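Engineer: My file is input-v8.txt. It has compact mmCIF, C-alpha atoms and all ligand atoms:
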# COMPACT_ATOMS: atom_id res chain seq x y z
CA MET F 1 -125.67 -99.48 -109.81
CA ALA F 2 -125.96 -96.00 -108.31
CA THR F 3 -122.52 -96.25 -106.73
CA THR F 4 -120.95 -97.42 -109.99
CA LEU F 5 -122.53 -94.51 -111.82
CA SER F 6 -121.43 -91.89 -109.32
CA CYS F 7 -117.98 -93.40 -109.25
CA CYS F 8 -117.75 -93.17 -113.05
CA PHE F 9 -119.06 -89.67 -112.90
CA THR F 10 -116.41 -88.66 -110.35
CA LEU F 11 -113.73 -90.25 -112.48
CA ALA F 12 -114.97 -88.49 -115.59
CA LEU F 13 -115.06 -85.18 -113.77
CA PHE F 14 -111.54 -85.80 -112.55
CA MET F 15 -110.38 -86.44 -116.10
CA VAL F 16 -112.06 -83.29 -117.33
CA ILE F 17 -110.36 -81.18 -114.68
CA LEU F 18 -107.04 -82.80 -115.34
CA MET F 19 -107.08 -82.64 -119.10
CA ALA F 20 -109.29 -79.82 -120.21
CA SER F 21 -108.80 -77.04 -117.72
CA PRO F 22 -105.02 -76.65 -117.76
CA SER F 23 -104.80 -76.19 -121.50
CA SER F 24 -107.85 -73.95 -121.74
CA SER F 25 -107.10 -71.71 -118.80
CA LEU F 26 -103.36 -71.57 -119.33
CA ALA F 27 -104.05 -69.50 -122.42
CA ASN F 28 -105.64 -66.87 -120.21
CA MET F 29 -102.73 -66.71 -117.81
CA ASN F 30 -99.96 -64.16 -117.64
CA VAL F 31 -96.31 -65.14 -117.80
CA ILE F 32 -95.91 -65.51 -114.01
CA ASP F 33 -98.98 -67.70 -113.50
CA LYS F 34 -98.35 -69.82 -116.57
CA CYS F 35 -95.03 -70.80 -115.06
CA TRP F 36 -96.59 -72.81 -112.17
CA ARG F 37 -100.39 -72.83 -112.18
CA GLY F 38 -100.79 -75.54 -114.77
CA ASN F 39 -98.91 -78.02 -112.61
CA PRO F 40 -101.44 -80.28 -110.83
CA LEU F 41 -98.70 -81.21 -108.36
CA TRP F 42 -98.16 -77.63 -107.22
CA ARG F 43 -99.01 -78.54 -103.61
CA SER F 44 -96.06 -80.87 -103.32
CA GLN F 45 -93.85 -78.75 -105.57
CA ARG F 46 -94.43 -75.36 -103.99
CA GLN F 47 -90.90 -74.13 -104.49
CA GLN F 48 -91.46 -74.10 -108.25
CA LEU F 49 -93.11 -70.72 -107.67
CA ALA F 50 -89.76 -69.13 -106.83
CA LYS F 51 -88.57 -69.43 -110.41
CA CYS F 52 -91.66 -67.70 -111.81
CA SER F 53 -91.03 -64.12 -110.74
CA VAL F 54 -90.14 -61.43 -113.28
CA GLY F 55 -89.37 -57.71 -113.12
CA PHE F 56 -86.81 -56.04 -110.89
CA VAL F 57 -86.99 -58.75 -108.22
CA GLY F 58 -85.47 -61.26 -110.65
CA LYS F 59 -85.87 -64.95 -109.80
CA MET F 60 -86.27 -66.02 -106.17
CA ILE F 61 -83.77 -68.87 -106.44
CA ASN F 62 -82.19 -67.96 -103.10
CA ASN F 63 -85.43 -68.99 -101.36
CA ILE F 64 -85.34 -72.61 -102.50
CA GLY F 65 -83.20 -75.72 -102.22
CA LYS F 66 -82.48 -78.61 -99.89
CA ASN F 67 -81.57 -76.46 -96.90
CA VAL F 68 -84.92 -74.66 -96.76
CA VAL F 69 -86.89 -75.30 -93.55
CA LYS F 70 -90.53 -76.17 -94.33
CA TYR F 71 -92.62 -74.64 -91.58
CA LYS F 72 -96.37 -75.01 -91.17
CA VAL F 73 -98.48 -72.49 -89.27
CA ILE F 74 -100.98 -74.41 -87.12
CA ASP F 75 -101.82 -71.74 -84.52
CA PRO F 76 -103.42 -68.38 -85.41
CA SER F 77 -102.52 -66.76 -82.08
CA ASP F 78 -99.85 -64.07 -81.81
CA ASP F 79 -97.39 -63.22 -79.07
CA PRO F 80 -95.16 -60.34 -80.25
CA LEU F 81 -92.33 -60.88 -77.74
CA SER F 82 -92.17 -64.64 -77.20
CA PRO F 83 -93.85 -66.23 -80.22
CA LYS F 84 -95.13 -69.75 -79.71
CA SER F 85 -93.95 -72.54 -81.98
CA GLY F 86 -96.62 -73.13 -84.64
CA THR F 87 -97.52 -69.45 -85.02
CA LEU F 88 -96.73 -67.27 -88.03
CA ARG F 89 -94.50 -64.95 -85.99
CA TYR F 90 -92.41 -67.91 -84.85
CA GLY F 91 -91.89 -68.88 -88.49
CA THR F 92 -90.86 -65.41 -89.64
CA THR F 93 -88.43 -64.63 -86.77
CA MET F 94 -87.26 -67.66 -84.76
CA ILE F 95 -86.08 -70.01 -87.49
CA LYS F 96 -82.47 -69.76 -88.60
CA GLY F 97 -81.70 -69.79 -92.31
CA LYS F 98 -84.17 -70.15 -95.14
CA VAL F 99 -87.81 -70.90 -94.41
CA TRP F 100 -90.84 -71.67 -96.58
CA ILE F 101 -94.01 -71.07 -94.57
CA THR F 102 -97.38 -72.70 -95.34
CA PHE F 103 -100.61 -72.97 -93.33
CA LYS F 104 -102.32 -76.09 -92.04
CA ASN F 105 -105.80 -74.71 -92.61
CA SER F 106 -107.69 -71.51 -93.21
CA MET F 107 -107.28 -68.99 -90.41
CA THR F 108 -107.44 -65.35 -89.38
CA ILE F 109 -104.32 -64.06 -87.68
CA THR F 110 -104.88 -60.90 -85.65
CA LEU F 111 -101.46 -59.37 -85.13
CA GLN F 112 -100.89 -57.82 -81.72
CA ARG F 113 -97.98 -55.77 -83.10
CA PRO F 114 -96.30 -55.41 -86.52
CA LEU F 115 -94.89 -58.68 -87.88
CA LEU F 116 -91.22 -58.62 -88.88
CA LEU F 117 -90.02 -60.87 -91.69
CA SER F 118 -86.48 -62.29 -91.77
CA SER F 119 -84.40 -62.52 -94.93
CA PHE F 120 -84.91 -65.71 -96.99
CA THR F 121 -88.55 -66.12 -95.91
CA ALA F 122 -91.38 -67.22 -98.20
CA ILE F 123 -94.96 -66.98 -96.91
CA ASP F 124 -97.17 -69.14 -99.11
CA GLY F 125 -100.93 -69.01 -98.54
CA ARG F 126 -101.92 -71.05 -101.59
CA GLY F 127 -104.77 -73.49 -101.22
CA ILE F 128 -106.33 -72.09 -98.04
CA ASP F 129 -107.76 -68.77 -96.83
CA VAL F 130 -105.36 -66.79 -94.67
CA HIS F 131 -106.48 -63.43 -93.35
CA ILE F 132 -103.95 -61.18 -91.64
CA THR F 133 -105.20 -58.17 -89.75
CA GLY F 134 -104.57 -56.24 -86.52
CA THR F 135 -101.71 -53.83 -85.79
CA GLY F 136 -98.92 -53.43 -88.28
CA CYS F 137 -99.21 -55.39 -90.42
CA LEU F 138 -96.19 -56.91 -92.28
CA LEU F 139 -92.80 -55.22 -91.97
CA VAL F 140 -89.67 -56.03 -93.96
CA TYR F 141 -86.87 -54.12 -92.27
CA GLN F 142 -83.31 -54.32 -93.65
CA ALA F 143 -84.06 -57.74 -95.08
CA THR F 144 -83.78 -59.38 -98.48
CA ASN F 145 -85.04 -62.39 -100.52
CA ILE F 146 -88.67 -62.44 -99.41
CA ILE F 147 -91.78 -63.87 -101.08
CA ILE F 148 -95.25 -62.82 -99.89
CA HIS F 149 -97.88 -64.87 -101.75
CA GLY F 150 -101.57 -65.62 -101.40
CA LEU F 151 -102.54 -63.62 -98.31
CA ARG F 152 -105.54 -61.46 -97.51
CA ILE F 153 -104.21 -58.51 -95.53
CA HIS F 154 -106.71 -55.92 -94.37
CA HIS F 155 -107.86 -53.56 -91.61
CA CYS F 156 -104.28 -52.99 -90.49
CA LYS F 157 -104.05 -50.42 -87.71
CA ALA F 158 -101.36 -47.99 -86.56
CA GLN F 159 -98.98 -48.86 -83.73
CA PRO F 160 -97.02 -46.36 -81.59
CA PRO F 161 -93.32 -47.21 -80.99
CA SER F 162 -93.05 -50.71 -79.56
CA THR F 163 -90.75 -53.70 -79.23
CA VAL F 164 -91.26 -56.98 -81.09
CA MET F 165 -89.43 -60.20 -81.79
CA GLY F 166 -87.23 -59.70 -84.86
CA PRO F 167 -85.08 -61.81 -87.17
CA ASN F 168 -82.69 -64.30 -85.56
CA ALA F 169 -84.77 -64.37 -82.38
CA LYS F 170 -83.64 -60.86 -81.35
CA VAL F 171 -86.13 -58.51 -79.75
CA ILE F 172 -85.89 -55.11 -81.46
CA PRO F 173 -87.43 -51.69 -80.95
CA LEU F 174 -89.75 -50.36 -83.67
CA GLY F 175 -90.74 -46.79 -84.40
CA GLN F 176 -94.24 -45.61 -85.15
CA MET F 177 -96.13 -47.76 -87.65
CA ASP F 178 -98.86 -46.02 -89.61
CA GLY F 179 -100.99 -49.05 -90.38
CA ASP F 180 -99.90 -50.36 -93.80
CA ALA F 181 -100.65 -53.85 -95.06
CA ILE F 182 -97.02 -54.36 -96.18
CA ARG F 183 -94.22 -51.95 -95.39
CA LEU F 184 -90.70 -52.31 -96.81
CA VAL F 185 -87.91 -50.35 -95.11
CA THR F 186 -84.41 -50.68 -96.59
CA ALA F 187 -85.49 -53.97 -98.15
CA ARG F 188 -84.10 -55.56 -101.30
CA LYS F 189 -85.38 -58.35 -103.54
CA VAL F 190 -88.97 -58.68 -102.33
CA TRP F 191 -91.73 -60.30 -104.41
CA ILE F 192 -95.34 -59.50 -103.50
CA ASP F 193 -97.63 -61.72 -105.62
CA HIS F 194 -101.34 -62.69 -105.65
CA ASN F 195 -102.38 -60.98 -102.41
CA THR F 196 -105.69 -59.26 -101.73
CA LEU F 197 -105.15 -56.01 -99.83
CA TYR F 198 -107.79 -53.58 -98.58
CA GLU F 199 -109.06 -51.12 -95.97
CA CYS F 200 -105.92 -50.33 -93.99
CA GLN F 201 -105.45 -47.25 -91.83
CA ASP F 202 -102.57 -45.78 -93.87
CA GLY F 203 -101.73 -47.55 -97.14
CA LEU F 204 -101.50 -50.99 -98.68
CA ILE F 205 -97.83 -51.11 -99.76
CA ASP F 206 -95.01 -48.76 -98.70
CA VAL F 207 -91.59 -49.14 -100.31
CA THR F 208 -89.20 -46.81 -98.47
CA ARG F 209 -85.71 -45.86 -97.29
CA GLY F 210 -83.48 -47.28 -99.96
CA SER F 211 -85.57 -50.33 -100.78
CA THR F 212 -85.06 -51.67 -104.30
CA ASN F 213 -85.39 -54.69 -106.63
CA ILE F 214 -89.08 -55.14 -105.88
CA THR F 215 -91.85 -56.73 -107.96
CA VAL F 216 -95.49 -56.18 -107.04
CA SER F 217 -97.55 -58.53 -109.23
CA ASN F 218 -101.00 -60.10 -109.52
CA ASN F 219 -102.38 -58.35 -106.44
CA TRP F 220 -105.88 -57.02 -105.97
CA PHE F 221 -106.00 -53.62 -104.28
CA ARG F 222 -109.41 -52.30 -103.32
CA ASN F 223 -111.29 -49.97 -100.96
CA GLN F 224 -108.33 -47.81 -100.03
CA ASP F 225 -107.39 -44.12 -99.96
CA LYS F 226 -103.56 -44.31 -100.33
CA VAL F 227 -102.74 -47.49 -102.20
CA MET F 228 -98.99 -47.70 -102.90
CA LEU F 229 -96.16 -45.39 -101.94
CA LEU F 230 -92.77 -45.88 -103.60
CA GLY F 231 -90.13 -43.62 -102.01
CA HIS F 232 -90.01 -42.46 -98.43
CA ASP F 233 -90.13 -38.67 -98.48
CA ASP F 234 -88.95 -35.85 -100.68
CA GLY F 235 -85.67 -35.52 -98.75
CA HIS F 236 -84.71 -39.18 -98.89
CA LEU F 237 -82.19 -39.19 -101.74
CA ARG F 238 -81.26 -42.86 -101.31
CA ASP F 239 -84.53 -43.68 -103.00
CA LYS F 240 -83.03 -42.43 -106.27
CA ASN F 241 -81.79 -46.01 -106.73
CA MET F 242 -85.19 -47.55 -106.09
CA LYS F 243 -86.43 -49.85 -108.85
CA VAL F 244 -89.91 -51.33 -108.67
CA THR F 245 -91.96 -53.34 -111.18
CA VAL F 246 -95.76 -53.14 -110.85
CA ILE F 247 -97.46 -55.69 -113.13
CA PHE F 248 -100.73 -57.62 -113.60
CA ASN F 249 -102.41 -55.95 -110.62
CA HIS F 250 -106.07 -54.99 -110.32
CA PHE F 251 -106.68 -51.57 -108.73
CA GLY F 252 -110.19 -50.87 -107.56
CA PRO F 253 -113.00 -50.53 -107.07
CA ASN F 254 -112.92 -47.67 -104.58
CA CYS F 255 -109.25 -46.74 -104.65
CA ASN F 256 -108.51 -43.03 -104.33
CA GLN F 257 -104.84 -42.32 -105.17
CA ARG F 258 -101.20 -43.60 -105.32
CA MET F 259 -101.36 -46.52 -107.73
CA PRO F 260 -98.48 -45.89 -107.26
CA ARG F 261 -97.09 -42.56 -106.05
CA VAL F 262 -93.34 -42.48 -106.80
CA ARG F 263 -90.55 -40.35 -105.33
CA HIS F 264 -87.01 -40.15 -106.77
CA GLY F 265 -86.72 -43.68 -108.16
CA TYR F 266 -87.94 -45.65 -111.15
CA ALA F 267 -91.15 -47.62 -111.58
CA HIS F 268 -92.17 -49.82 -114.49
CA VAL F 269 -95.96 -49.97 -114.30
CA ALA F 270 -97.23 -52.41 -116.91
CA ASN F 271 -100.29 -54.50 -117.77
CA ASN F 272 -102.35 -53.40 -114.78
CA PHE F 273 -106.13 -52.98 -114.74
CA TYR F 274 -107.37 -49.69 -113.24
CA GLN F 275 -111.02 -49.84 -112.33
CA GLY F 276 -111.42 -46.11 -111.70
CA TRP F 277 -109.78 -43.82 -109.12
CA GLU F 278 -110.82 -40.68 -107.28
CA GLN F 279 -107.91 -38.18 -107.22
CA TYR F 280 -105.46 -39.89 -109.58
CA ALA F 281 -103.94 -43.26 -110.46
CA ILE F 282 -100.22 -42.64 -111.05
CA GLY F 283 -98.34 -39.75 -109.49
CA GLY F 284 -95.08 -38.54 -108.10
CA SER F 285 -92.70 -35.89 -106.87
CA MET F 286 -88.93 -35.31 -106.81
CA SER F 287 -88.38 -36.18 -110.48
CA PRO F 288 -89.16 -39.88 -110.49
CA SER F 289 -89.14 -41.86 -113.73
CA ILE F 290 -92.28 -43.78 -114.50
CA LYS F 291 -92.90 -45.94 -117.52
CA SER F 292 -96.58 -46.69 -117.81
CA GLU F 293 -96.90 -49.45 -120.38
CA ALA F 294 -99.93 -51.24 -121.80
CA ASN F 295 -102.15 -50.65 -118.80
CA PHE F 296 -105.94 -50.61 -119.08
CA PHE F 297 -107.26 -47.40 -117.52
CA VAL F 298 -111.00 -47.01 -116.98
CA ALA F 299 -111.59 -43.46 -115.74
CA PRO F 300 -114.14 -42.81 -113.00
CA ASN F 301 -117.51 -41.43 -114.10
CA ASP F 302 -116.95 -38.14 -112.27
CA VAL F 303 -116.21 -35.61 -115.02
CA GLY F 304 -113.45 -33.82 -113.07
CA ASN F 305 -111.15 -36.81 -112.56
CA LYS F 306 -110.40 -38.32 -115.93
CA GLU F 307 -106.66 -37.61 -115.75
CA VAL F 308 -104.53 -40.62 -114.75
CA THR F 309 -101.50 -38.69 -113.51
CA TRP F 310 -100.67 -36.23 -110.75
CA ARG F 311 -97.46 -34.29 -110.19
CA LYS F 312 -96.04 -32.16 -107.46
CA GLY F 313 -93.11 -29.74 -107.71
CA GLU F 314 -90.93 -28.13 -110.34
CA LYS F 315 -91.82 -28.08 -113.98
CA GLY F 316 -89.73 -29.89 -116.54
CA LEU F 317 -88.23 -32.64 -114.38
CA TRP F 318 -91.08 -35.02 -115.04
CA LYS F 319 -90.45 -38.31 -116.72
CA PHE F 320 -93.89 -39.83 -117.00
CA TYR F 321 -94.02 -42.00 -120.08
CA SER F 322 -97.04 -43.77 -121.46
CA VAL F 323 -96.58 -46.46 -124.08
CA GLY F 324 -99.39 -48.64 -125.41
CA ASP F 325 -101.81 -47.75 -122.61
CA VAL F 326 -105.54 -48.06 -123.27
CA PHE F 327 -107.78 -45.26 -122.00
CA LYS F 328 -111.50 -45.85 -121.44
CA ASN F 329 -114.37 -43.72 -120.23
CA GLY F 330 -112.52 -40.52 -121.14
CA ALA F 331 -109.27 -41.28 -119.29
CA SER F 332 -106.27 -39.11 -120.21
CA PHE F 333 -102.54 -39.28 -119.45
CA ASN F 334 -100.48 -36.11 -119.26
CA LYS F 335 -97.20 -37.55 -120.47
CA GLN F 336 -93.73 -36.18 -120.79
CA THR F 337 -93.00 -35.69 -124.41
CA GLY F 338 -89.59 -36.67 -125.57
CA VAL F 339 -87.62 -39.64 -126.72
CA GLY F 340 -86.18 -42.48 -124.69
CA GLY F 341 -89.23 -43.52 -122.74
CA ALA F 342 -87.44 -44.55 -119.55
CA LYS F 343 -86.58 -48.13 -120.37
CA PRO F 344 -86.39 -50.55 -117.43
CA ASN F 345 -83.20 -52.12 -118.85
CA TYR F 346 -83.99 -55.47 -117.31
CA ASN F 347 -81.37 -58.15 -117.25
CA GLN F 348 -82.15 -61.61 -118.59
CA GLU F 349 -83.74 -63.04 -115.45
CA GLN F 350 -85.86 -59.92 -114.86
CA ASN F 351 -87.07 -59.52 -118.41
CA PHE F 352 -90.62 -60.34 -119.53
CA LYS F 353 -92.82 -59.60 -122.47
CA VAL F 354 -95.36 -56.85 -121.87
CA VAL F 355 -98.59 -57.91 -123.57
CA ASP F 356 -101.07 -55.85 -125.51
CA ALA F 357 -103.28 -53.70 -123.24
CA GLY F 358 -106.34 -55.32 -124.83
CA SER F 359 -105.53 -58.58 -122.98
CA VAL F 360 -105.00 -56.96 -119.60
CA LYS F 361 -108.53 -57.46 -118.26
CA LYS F 362 -108.29 -61.16 -119.00
CA LEU F 363 -104.75 -61.53 -117.62
CA THR F 364 -105.65 -59.76 -114.36
CA SER F 365 -109.04 -61.43 -113.89
CA GLU F 366 -107.59 -63.74 -111.24
CA SER F 367 -105.47 -61.20 -109.44
CA GLY F 368 -105.53 -61.28 -105.67
CA VAL F 369 -105.69 -64.52 -103.70
CA LEU F 370 -106.32 -67.47 -106.04
CA ARG F 371 -109.13 -69.88 -105.31
CA CYS F 372 -107.39 -73.20 -105.57
CA SER F 373 -108.70 -75.04 -102.57
CA ARG F 374 -111.05 -77.41 -104.38
CA SER F 375 -109.54 -78.09 -107.75
CA LEU F 376 -106.30 -79.70 -108.74
CA ILE F 377 -105.32 -76.79 -110.89
CA CYS F 378 -104.67 -73.64 -108.95
C1 LIG F 401 -80.98 -55.54 -108.45
O1 LIG F 401 -81.18 -55.42 -109.85
C2 LIG F 401 -80.03 -55.06 -110.56
C3 LIG F 401 -80.38 -54.90 -112.01
O2 LIG F 401 -81.54 -54.15 -112.19
C4 LIG F 401 -78.97 -56.13 -110.39
O3 LIG F 401 -77.79 -55.75 -111.05
C5 LIG F 401 -78.71 -56.35 -108.91
O4 LIG F 401 -77.85 -57.44 -108.76
C6 LIG F 401 -79.99 -56.63 -108.16
N1 LIG F 401 -79.73 -56.72 -106.73
C7 LIG F 401 -80.27 -57.66 -105.97
C8 LIG F 401 -79.96 -57.59 -104.51
O5 LIG F 401 -80.98 -58.54 -106.40
Mind turning the file's structure into structure tokens?
Structural biologist:
Amino acid sequence: MATTLSCCFTLALFMVILMASPSSSLANMNVIDKCWRGNPLWRSQRQQLAKCSVGFVGKMINNIGKNVVKYKVIDPSDDPLSPKSGTLRYGTTMIKGKVWITFKNSMTITLQRPLLLSSFTAIDGRGIDVHITGTGCLLVYQATNIIIHGLRIHHCKAQPPSTVMGPNAKVIPLGQMDGDAIRLVTARKVWIDHNTLYECQDGLIDVTRGSTNITVSNNWFRNQDKVMLLGHDDGHLRDKNMKVTVIFNHFGPNCNQRMPRVRHGYAHVANNFYQGWEQYAIGGSMSPSIKSEANFFVAPNDVGNKEVTWRKGEKGLWKFYSVGDVFKNGASFNKQTGVGGAKPNYNQEQNFKVVDAGSVKKLTSESGVLRCSRSLIC
């Protein structure tokens, strides 16, 4: 009798999860999540994710197909020069062609040196807990078509010049690394989605040296001084072509500045939730264009720091637009007046509908690594 009851109960619960939760929670999801999270078969259909990206990265269709190597990380150890089969570094450097990397179980990978990612690599941490820490951490150098999804990257430390295994099993020399969670150097078409990033020595994301076509979405950034740098340095004119979309992210608590800081290029910063800041949230130098659209800004309580923006350099070259943003707790945005508003001019595959700022808290409530280990629906 007891077994029959508990069996019926399990079945009923199963039905409830299957039938009720997708429809009810799908309504609370943003356009990226809605595209795959309602699918109870997501574990066996992981590549569906690739078609869900929006913004300047476009769709990640080059990362999927029959010729993709499915590689599972089973060993958390790290050897920077001769990576062992089964480790993450082996998957990101030693495998020829396209690779889709998953993890056998939850693990903490302590990198001994920065981890280079080859072109056409997807790292997919969905369903388990993957922590990446140590020196580095992730480095995309002159590579393209990369997905970084569902990772906790934190406590990344600086590394003096070193040599590491690189793409196509070639050992390469690296310069100084400052200790960023994810650093892009001359990288194109990179999608950084649903990661939780915190407490690194330098910053959490660096997009530099001619990198472009990047989307940073659904991440949770917290406990960090310099959060996101877009554009290498004031003298690096190649970054004029940089295009980055920053959407559905949660910044804070305890973030100080650079959410993002932009040099030269263009950033579309939309539908993000800002849970305070210390110095500023959005800033820049070298006449960048920034379109801040329908974000939800909650200013810090400190009376002196209610202003969202920060600028360095000449007067009059600023293109900081604010459209549909919501300002709470006294937040203010010193915008460039004028017409135009720095449109992203997305093509069809990049385009998405920016939602009303009033929905942003709801649509970013599951930013960072998703908890989908126990339920069918991620
Ligand atoms: C980058 O985006 C532009 C449009 O914004 C597109 O024309 C170009 O093909 C993209 N490049 C890559 C490498 O995806």
Engineer: Can you tell me how far atom CA of F:Gly341 sits from atom CA of F:Arg263, in Å to one decimal?
Structural biologist: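 Between these atoms lies a distance of 17.7 Å.
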Engineer: With all atoms listed in the file as the basis for distance, which of F:Thr93, F:Thr309, F:Asn145, F:Ser292 is at the shortest distance from ligand LIG 401 (chain F)?
Structural biologist: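 For ligand LIG 401 (chain F), the nearest of the candidates is F:Asn145.
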Engineer: Using only C-alpha atoms and all ligand atoms, which residues of the polymer chains come no farther than 10 Å from ligand LIG 401 (chain F)? I'd like the answer as a short mmCIF file (atom, residue, chain, number, x, y, z; two decimals) with C-alpha atoms, keeping the file's coordinate frame.
Structural biologist:
data_model
loop_
_atom_site.label_atom_id
_atom_site.label_comp_id
_atom_site.auth_asym_id
_atom_site.auth_seq_id
_atom_site.Cartn_x
_atom_site.Cartn_y
_atom_site.Cartn_z
CA GLY F 55 -89.37 -57.71 -113.12
CA PHE F 56 -86.81 -56.04 -110.89
CA VAL F 57 -86.99 -58.75 -108.22
CA GLY F 58 -85.47 -61.26 -110.65
CA LYS F 59 -85.87 -64.95 -109.80
CA MET F 60 -86.27 -66.02 -106.17
CA THR F 144 -83.78 -59.38 -98.48
CA ASN F 145 -85.04 -62.39 -100.52
CA ALA F 187 -85.49 -53.97 -98.15
CA ARG F 188 -84.10 -55.56 -101.30
CA LYS F 189 -85.38 -58.35 -103.54
CA VAL F 190 -88.97 -58.68 -102.33
CA SER F 211 -85.57 -50.33 -100.78
CA THR F 212 -85.06 -51.67 -104.30
CA ASN F 213 -85.39 -54.69 -106.63
CA ILE F 214 -89.08 -55.14 -105.88
CA ASN F 241 -81.79 -46.01 -106.73
CA MET F 242 -85.19 -47.55 -106.09
CA LYS F 243 -86.43 -49.85 -108.85
CA VAL F 244 -89.91 -51.33 -108.67
CA PRO F 344 -86.39 -50.55 -117.43
CA ASN F 345 -83.20 -52.12 -118.85
CA TYR F 346 -83.99 -55.47 -117.31
CA ASN F 347 -81.37 -58.15 -117.25
CA GLN F 348 -82.15 -61.61 -118.59
CA GLU F 349 -83.74 -63.04 -115.45
CA GLN F 350 -85.86 -59.92 -114.86
CA ASN F 351 -87.07 -59.52 -118.41
#
Engineer: Could you give me, as a ChimeraX atom specification, the residues within 9 Å of stretch 99-113 of chain F, counting all atoms listed in the file and dropping anything in the same chain fewer than 3 positions from it?
Structural biologist: /F:47,63-64,67-80,88-89,91-92,95-96,120-137,156,159,162-164
Engineer: Which distance in Å separates atom CA of F:Pro288 and atom CA of F:Phe352, to one decimal?
Structural biologist: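 Between atom CA of F:Pro288 and atom CA of F:Phe352 the gap is 22.4 Å.
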Engineer: Just the number, please: distance in Å from atom CA of F:Met228 to atom CA of F:Asn168, one decimal.
Structural biologist: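 Those two atoms sit 29.0 Å apart.
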Engineer: Pick out the closest residue to F:Asn223 from this set: F:Leu197, F:Met29, F:Val140, F:Val246. Count all atoms listed in the file.
Structural biologist: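 Of F:Leu197, F:Met29, F:Val140, F:Val246, the one nearest F:Asn223, counting all atoms listed in the file, is F:Leu197.
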Engineer: Do a neighbour search on F:Gln279 at 8 Å with all atoms listed in the file, toss out local chain neighbours closer than 5 positions, and write the hits as a PyMOL selection string.
Structural biologist: chain F and resi 256-257+305
Engineer: For a quick check of understanding, using all atoms listed in the file, which of F:Val216, F:Leu363, F:Met286, F:Cys255 has the smallest distance to F:Val269?
Structural biologist: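 Closest to F:Val269 of all the choices is F:Val216.
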Engineer: Given all atoms listed in the file as the basis, pick out the residue of F:His250, F:Lys34, F:Arg209, F:Arg238 nearest to F:Ser367.
Structural biologist: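 The shortest atom-to-atom distance to F:Ser367 comes from F:His250.
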Engineer: Rank nothing, just name the residue among F:Leu117, F:Val308, F:Leu230, F:Met94 nearest to F:Gly265, using all atoms listed in the file.
Structural biologist: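 Comparing F:Leu117, F:Val308, F:Leu230, F:Met94 against F:Gly265, the winner is F:Leu230.
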Engineer: I'd like to know which of F:Asp302, F:Glu278, F:Glu366, F:Asp180 is closest to F:Val207, using all atoms listed in the file.
Structural biologist: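 Using all atoms listed in the file, the shortest distance to F:Val207 belongs to F:Asp180.
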Engineer: Could I get stretch 45-53 of chain F rebuilt with N, CA, C and O atoms, written as an mmCIF file, keeping the file's coordinate frame?
Structural biologist:
data_model
loop_
_atom_site.group_PDB
_atom_site.id
_atom_site.type_symbol
_atom_site.label_atom_id
_atom_site.label_comp_id
_atom_site.auth_asym_id
_atom_site.auth_seq_id
_atom_site.Cartn_x
_atom_site.Cartn_y
_atom_site.Cartn_z
ATOM 1 N N GLN F 45 -95.011 -79.370 -104.916
ATOM 2 C CA GLN F 45 -93.850 -78.750 -105.570
ATOM 3 C C GLN F 45 -93.934 -77.232 -105.437
ATOM 4 O O GLN F 45 -93.788 -76.491 -106.404
ATOM 5 N N ARG F 46 -94.182 -76.787 -104.230
ATOM 6 C CA ARG F 46 -94.430 -75.360 -103.990
ATOM 7 C C ARG F 46 -93.254 -74.467 -104.370
ATOM 8 O O ARG F 46 -93.436 -73.325 -104.758
ATOM 9 N N GLN F 47 -92.056 -74.985 -104.240
ATOM 10 C CA GLN F 47 -90.900 -74.130 -104.490
ATOM 11 C C GLN F 47 -90.714 -73.776 -105.970
ATOM 12 O O GLN F 47 -89.931 -72.888 -106.295
ATOM 13 N N GLN F 48 -91.486 -74.443 -106.822
ATOM 14 C CA GLN F 48 -91.460 -74.100 -108.250
ATOM 15 C C GLN F 48 -91.826 -72.625 -108.460
ATOM 16 O O GLN F 48 -91.323 -71.969 -109.371
ATOM 17 N N LEU F 49 -92.670 -72.117 -107.582
ATOM 18 C CA LEU F 49 -93.110 -70.720 -107.670
ATOM 19 C C LEU F 49 -91.932 -69.743 -107.722
ATOM 20 O O LEU F 49 -91.976 -68.728 -108.427
ATOM 21 N N ALA F 50 -90.892 -70.064 -106.983
ATOM 22 C CA ALA F 50 -89.760 -69.130 -106.830
ATOM 23 C C ALA F 50 -89.093 -68.775 -108.154
ATOM 24 O O ALA F 50 -88.485 -67.712 -108.292
ATOM 25 N N LYS F 51 -89.228 -69.672 -109.133
ATOM 26 C CA LYS F 51 -88.570 -69.430 -110.410
ATOM 27 C C LYS F 51 -89.471 -68.679 -111.388
ATOM 28 O O LYS F 51 -89.110 -68.448 -112.540
ATOM 29 N N CYS F 52 -90.665 -68.298 -110.911
ATOM 30 C CA CYS F 52 -91.660 -67.700 -111.810
ATOM 31 C C CYS F 52 -91.687 -66.178 -111.777
ATOM 32 O O CYS F 52 -92.362 -65.550 -112.587
ATOM 33 N N SER F 53 -90.985 -65.582 -110.855
ATOM 34 C CA SER F 53 -91.030 -64.120 -110.740
ATOM 35 C C SER F 53 -90.324 -63.449 -111.909
ATOM 36 O O SER F 53 -89.388 -64.000 -112.486
#
